[in-house]
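coords.pdb (PDB, C-alpha atoms) appears below.
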```pdb
ATOM      1  CA  MET A   1      59.289 -34.935  82.825
ATOM      2  CA  LYS A   2      58.696 -34.132  86.495
ATOM      3  CA  SER A   3      57.179 -30.958  87.858
ATOM      4  CA  THR A   4      59.163 -28.844  90.303
ATOM      5  CA  GLY A   5      56.064 -27.092  91.608
ATOM      6  CA  VAL A   6      57.694 -23.734  90.873
ATOM      7  CA  VAL A   7      55.644 -21.173  88.928
ATOM      8  CA  ARG A   8      57.161 -18.030  87.403
ATOM      9  CA  ARG A   9      55.552 -15.117  85.551
ATOM     10  CA  VAL A  10      56.780 -13.960  82.154
ATOM     11  CA  ASP A  11      57.728 -10.265  82.355
ATOM     12  CA  ASP A  12      56.859  -7.614  79.766
ATOM     13  CA  LEU A  13      60.087  -8.405  77.853
ATOM     14  CA  GLY A  14      59.249 -12.131  77.658
ATOM     15  CA  ARG A  15      61.770 -13.195  80.304
ATOM     16  CA  ILE A  16      61.419 -15.726  83.086
ATOM     17  CA  VAL A  17      63.734 -16.361  86.008
ATOM     18  CA  ILE A  18      65.035 -19.877  86.532
ATOM     19  CA  PRO A  19      65.116 -20.440  90.310
ATOM     20  CA  LYS A  20      68.543 -20.565  91.920
ATOM     21  CA  GLU A  21      67.979 -24.094  93.271
ATOM     22  CA  ILE A  22      67.306 -25.411  89.759
ATOM     23  CA  ARG A  23      70.319 -23.554  88.301
ATOM     24  CA  ARG A  24      72.526 -24.984  91.037
ATOM     25  CA  THR A  25      71.189 -28.525  90.555
ATOM     26  CA  LEU A  26      71.712 -28.372  86.777
ATOM     27  CA  ARG A  27      75.023 -26.495  87.148
ATOM     28  CA  ILE A  28      73.830 -23.550  85.039
ATOM     29  CA  ARG A  29      76.249 -20.657  85.510
ATOM     30  CA  ASP A  30      75.679 -16.953  84.902
ATOM     31  CA  GLY A  31      76.177 -16.096  81.242
ATOM     32  CA  GLU A  32      75.816 -19.706  80.054
ATOM     33  CA  SER A  33      73.761 -20.413  76.944
ATOM     34  CA  LEU A  34      70.633 -22.557  76.897
ATOM     35  CA  GLU A  35      69.010 -24.223  73.885
ATOM     36  CA  ILE A  36      65.260 -23.802  73.596
ATOM     37  CA  PHE A  37      63.055 -26.632  72.297
ATOM     38  CA  VAL A  38      59.320 -26.521  71.612
ATOM     39  CA  ASP A  39      57.066 -29.590  71.594
ATOM     40  CA  ARG A  40      53.360 -28.869  71.202
ATOM     41  CA  GLU A  41      52.553 -26.747  74.256
ATOM     42  CA  MET A  42      55.819 -27.395  76.102
ATOM     43  CA  ILE A  43      59.019 -25.344  76.155
ATOM     44  CA  ALA A  44      62.159 -27.203  77.214
ATOM     45  CA  LEU A  45      65.521 -25.647  78.046
ATOM     46  CA  LYS A  46      68.787 -27.548  77.717
ATOM     47  CA  LYS A  47      72.314 -26.449  78.546
ATOM     48  CA  PHE A  48      74.086 -25.607  75.312
ATOM     49  CA  SER A  49      77.496 -27.149  74.729
ATOM     50  CA  THR A  50      79.676 -26.237  71.777
ATOM     51  CA  MET A  51      81.398 -29.583  72.331
ATOM     52  CA  THR A  52      78.163 -31.426  71.487
ATOM     53  CA  ASP A  53      78.689 -30.420  67.864
ATOM     54  CA  MET A  54      82.033 -32.207  68.068
ATOM     55  CA  ASP A  55      80.488 -35.525  69.107
ATOM     56  CA  GLU A  56      81.569 -37.643  66.131
ATOM     57  CA  ILE A  57      85.031 -36.084  65.817
ATOM     58  CA  SER A  58      85.580 -36.480  69.579
ATOM     59  CA  LYS A  59      84.741 -40.191  69.399
ATOM     60  CA  GLN A  60      87.165 -40.682  66.506
ATOM     61  CA  LEU A  61      89.922 -38.709  68.237
ATOM     62  CA  VAL A  62      89.754 -40.682  71.484
ATOM     63  CA  ASP A  63      89.833 -43.963  69.551
ATOM     64  CA  ILE A  64      92.868 -42.846  67.534
ATOM     65  CA  VAL A  65      94.785 -41.611  70.595
ATOM     66  CA  ASN A  66      93.881 -44.817  72.451
ATOM     67  CA  SER A  67      95.226 -46.928  69.565
ATOM     68  CA  VAL A  68      98.514 -44.977  69.569
ATOM     69  CA  THR A  69      99.068 -44.710  73.339
ATOM     70  CA  ASN A  70      97.098 -47.729  74.605
ATOM     71  CA  GLN A  71      95.799 -45.445  77.381
ATOM     72  CA  ASN A  72      92.335 -44.356  78.505
ATOM     73  CA  VAL A  73      91.372 -41.170  76.655
ATOM     74  CA  PHE A  74      88.487 -38.839  77.466
ATOM     75  CA  ILE A  75      87.048 -35.590  76.192
ATOM     76  CA  THR A  76      84.715 -33.512  78.358
ATOM     77  CA  ASP A  77      82.579 -30.465  77.856
ATOM     78  CA  ARG A  78      82.080 -28.111  80.817
ATOM     79  CA  ASP A  79      79.941 -30.637  82.665
ATOM     80  CA  ASN A  80      80.256 -34.226  81.397
ATOM     81  CA  PHE A  81      82.539 -36.826  79.865
ATOM     82  CA  ILE A  82      81.318 -36.766  76.232
ATOM     83  CA  ALA A  83      83.756 -39.197  74.561
ATOM     84  CA  GLY A  84      85.938 -41.981  75.882
ATOM     85  CA  SER A  85      88.080 -44.913  74.855
ATOM     86  CA  GLY A  86      89.880 -47.577  76.849
ATOM     87  CA  SER A  87      89.166 -49.829  79.809
ATOM     88  CA  LEU A  88      87.746 -46.972  81.935
ATOM     89  CA  ARG A  89      85.319 -45.810  79.232
ATOM     90  CA  LYS A  90      82.180 -47.310  80.799
ATOM     91  CA  LYS A  91      83.121 -46.009  84.240
ATOM     92  CA  TYR A  92      83.197 -42.337  83.204
ATOM     93  CA  LEU A  93      81.438 -41.816  79.859
ATOM     94  CA  ASN A  94      78.350 -39.559  80.161
ATOM     95  CA  LYS A  95      79.093 -38.937  83.854
ATOM     96  CA  SER A  96      79.483 -35.470  85.380
ATOM     97  CA  ILE A  97      82.986 -34.144  85.815
ATOM     98  CA  SER A  98      84.202 -33.531  89.360
ATOM     99  CA  LYS A  99      84.751 -30.175  91.038
ATOM    100  CA  SER A 100      88.497 -30.892  90.737
ATOM    101  CA  LEU A 101      88.252 -31.110  86.945
ATOM    102  CA  GLU A 102      86.078 -27.980  86.854
ATOM    103  CA  LEU A 103      88.840 -26.140  88.737
ATOM    104  CA  ILE A 104      91.541 -27.427  86.367
ATOM    105  CA  MET A 105      89.437 -26.248  83.419
ATOM    106  CA  LYS A 106      88.886 -22.857  85.023
ATOM    107  CA  GLU A 107      92.637 -22.406  85.617
ATOM    108  CA  ARG A 108      93.341 -23.271  81.937
ATOM    109  CA  LYS A 109      96.527 -25.171  82.842
ATOM    110  CA  THR A 110      97.803 -28.516  81.651
ATOM    111  CA  ILE A 111      98.273 -30.911  84.566
ATOM    112  CA  VAL A 112     100.607 -33.919  84.294
ATOM    113  CA  GLU A 113     101.185 -36.679  86.845
ATOM    114  CA  HIS A 114     103.662 -39.236  85.464
ATOM    115  CA  SER A 115     103.202 -41.625  88.389
ATOM    116  CA  LEU A 116     100.104 -42.724  90.269
ATOM    117  CA  HIS A 117      98.440 -39.803  91.997
ATOM    118  CA  SER A 118      95.081 -39.288  93.707
ATOM    119  CA  ILE A 119      92.440 -37.526  91.610
ATOM    120  CA  GLU A 120      88.685 -37.177  91.614
ATOM    121  CA  LEU A 121      87.426 -37.473  88.026
ATOM    122  CA  SER A 122      83.682 -37.863  88.590
ATOM    123  CA  GLY A 123      81.475 -37.713  91.640
ATOM    124  CA  SER A 124      83.325 -37.750  94.919
ATOM    125  CA  VAL A 125      85.337 -40.919  94.314
ATOM    126  CA  VAL A 126      89.097 -40.438  94.570
ATOM    127  CA  GLU A 127      91.157 -42.842  92.445
ATOM    128  CA  GLU A 128      94.875 -43.397  91.827
ATOM    129  CA  TYR A 129      95.914 -42.706  88.220
ATOM    130  CA  ALA A 130      98.788 -41.289  86.234
ATOM    131  CA  TYR A 131      97.361 -38.673  83.886
ATOM    132  CA  VAL A 132      97.648 -35.655  81.648
ATOM    133  CA  ILE A 133      94.793 -33.157  81.529
ATOM    134  CA  CYS A 134      94.657 -30.373  78.924
ATOM    135  CA  PRO A 135      91.974 -27.704  78.689
ATOM    136  CA  VAL A 136      90.186 -27.140  75.365
ATOM    137  CA  ILE A 137      90.285 -23.384  74.748
ATOM    138  CA  MET A 138      87.991 -21.632  72.264
ATOM    139  CA  SER A 139      88.195 -17.853  71.861
ATOM    140  CA  GLY A 140      89.875 -17.583  75.258
ATOM    141  CA  ASP A 141      87.234 -19.640  77.088
ATOM    142  CA  ALA A 142      87.834 -23.125  78.523
ATOM    143  CA  ILE A 143      85.036 -25.265  77.084
ATOM    144  CA  GLY A 144      86.243 -28.763  77.940
ATOM    145  CA  LEU A 145      89.148 -31.036  78.766
ATOM    146  CA  VAL A 146      91.207 -33.758  77.132
ATOM    147  CA  LEU A 147      92.344 -36.431  79.582
ATOM    148  CA  ILE A 148      94.744 -39.311  79.044
ATOM    149  CA  VAL A 149      94.571 -41.572  82.080
ATOM    150  CA  SER A 150      96.735 -44.564  83.001
ATOM    151  CA  GLU A 151      95.896 -47.138  85.637
ATOM    152  CA  ASN A 152      99.616 -47.672  86.097
ATOM    153  CA  SER A 153     102.451 -45.130  86.051
ATOM    154  CA  ASN A 154     103.383 -44.777  82.413
ATOM    155  CA  ILE A 155     102.357 -41.301  81.273
ATOM    156  CA  GLY A 156     105.163 -39.858  79.204
ATOM    157  CA  GLN A 157     105.946 -37.239  76.599
ATOM    158  CA  VAL A 158     103.935 -39.001  73.891
ATOM    159  CA  GLU A 159     100.759 -38.779  75.983
ATOM    160  CA  GLU A 160     101.506 -35.150  76.892
ATOM    161  CA  LYS A 161     101.945 -34.204  73.230
ATOM    162  CA  MET A 162      98.863 -36.148  72.119
ATOM    163  CA  ALA A 163      96.654 -34.454  74.733
ATOM    164  CA  ASP A 164      98.020 -31.054  73.736
ATOM    165  CA  VAL A 165      97.445 -31.678  70.005
ATOM    166  CA  VAL A 166      93.884 -32.965  70.548
ATOM    167  CA  SER A 167      92.936 -30.042  72.812
ATOM    168  CA  LYS A 168      94.344 -27.491  70.354
ATOM    169  CA  PHE A 169      92.670 -29.228  67.412
ATOM    170  CA  LEU A 170      89.265 -29.206  69.144
ATOM    171  CA  GLY A 171      89.619 -25.554  70.154
ATOM    172  CA  LYS A 172      90.530 -24.460  66.609
ATOM    173  CA  HIS A 173      87.964 -26.709  64.946
ATOM    174  CA  ILE A 174      85.104 -25.400  67.090
ATOM    175  CA  GLU A 175      86.126 -21.759  66.473
ATOM    176  CA  GLU A 176      85.760 -22.287  62.739
TER
END
```

Can you present the structure in this file as C-alpha cells?
Amino acid sequence: MKSTGVVRRVDDLGRIVIPKEIRRTLRIRDGESLEIFVDREMIALKKFSTMTDMDEISKQLVDIVNSVTNQNVFITDRDNFIAGSGSLRKKYLNKSISKSLELIMKERKTIVEHSLHSIELSGSVVEEYAYVICPVIMSGDAIGLVLIVSENSNIGQVEEKMADVVSKFLGKHIEE
C-alpha cells in the first residue's frame, strides 16, 4: 500500500475528510458507501458495491446468455466490468467503465444499436460494435449495466429481451 503523504485529523465526532483528489482518482461520489476493513493497526476503505454480492450469479448469467445468443455479455457495477463471457471477455473484464457508460447508466435508458456503431466501453478507446445496454435499477437507483455486444451487426430482439430480463432480475434479486 502506498502513502499519499496526506494527513487528516479525526474530528470530535470521529470523522475524517477524504481529500478531493483521492475521491476523484478513485471515483468516489458524494453519498456513496464505503466498506471499512481493519487489519492490526491499519484501517482500509473500499468502495462498496451491491453488485459485488452478485458475483457468482452474474458469472452464471453472462455464461447462460452467451450460450443462448452467442454474443459477448457483460455486467458492470457503477465503476467496473464485474462479469463477462465471450471473445471480448479478457479485453474488458475487471476494467473501469467509460464515461459514456456512466452517462448511459445515469440516464437509466436502454440503448440499442443493431448495426455497428462507435462506442467507448472502457478507457478512451472507441470501438465499433452492435450492442444493447440496459441499466440495472435497484430501488430507483442505477447500480450497474447489462451489455450484450456484437463484433458484427447482428443484435436483434432476442438480445434486447435477454438484456432486459437479466437487468430486471439483478435489480429485483439485489433488492431482496

A:Asn152, A:Met105, A:Glu113, A:Val146: which is nearest Ile75 of chain A, counting only C-alpha atoms? A:Val146

Proximity to His114 of chain A - best of A:Val136, A:Val6, A:Gln157, A:Asp79, only C-alpha atoms: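 Looking at the shortest contact to His114 of chain A, the residue is A:Gln157.
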
Counting only C-alpha atoms, figure out which residue out of A:Gly156, A:Val166, A:Lys46, A:Ile16 gets nearest to Ile64 of chain A.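 Distance minimum relative to Ile64 of chain A lands on A:Val166.
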
If the PyMOL selection byres ((chain A and resi 150) around 7) is run on the structure shown, which residues does it catch, given as an MDAnalysis selection string? chainID A and resid 71:72 129:131 148:149 151:155

Go through A:Lys99, A:Lys106, A:Arg89, A:Lys20 one by one, measure the shortest atom-to-atom distance of each to Ile119 of chain A using only C-alpha atoms, and give the residue with the smallest value.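 Closest residue, counting only C-alpha atoms: A:Lys99.
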
Using all atoms listed in the file: which of A:Ser115, A:Thr76, A:Ser96, A:Ser124 has the shortest distance to Gly144 of chain A: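 For Gly144 of chain A, the nearest of the given residues is A:Thr76.
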
Name the residues that the PyMOL selection byres ((chain A and resi 94) around 8) pulls out of this structure, and write them as a ChimeraX atom specification. /A:80-83,92-93,95-96

Could you name the residues that touch Cys134 of chain A at 9 Å or less, counting all atoms listed in the file, but leaving out those on the same chain fewer than 5 positions away, as a list in words?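 Final neighbour list, sorted by chain and number: Ile104, Met105, Arg108, Lys109, Thr110, Ile111, Val112, Gly144, Leu145, Val146, Leu147, Ile148, Glu160, Ala163, Asp164, Val166 and Ser167 of chain A.
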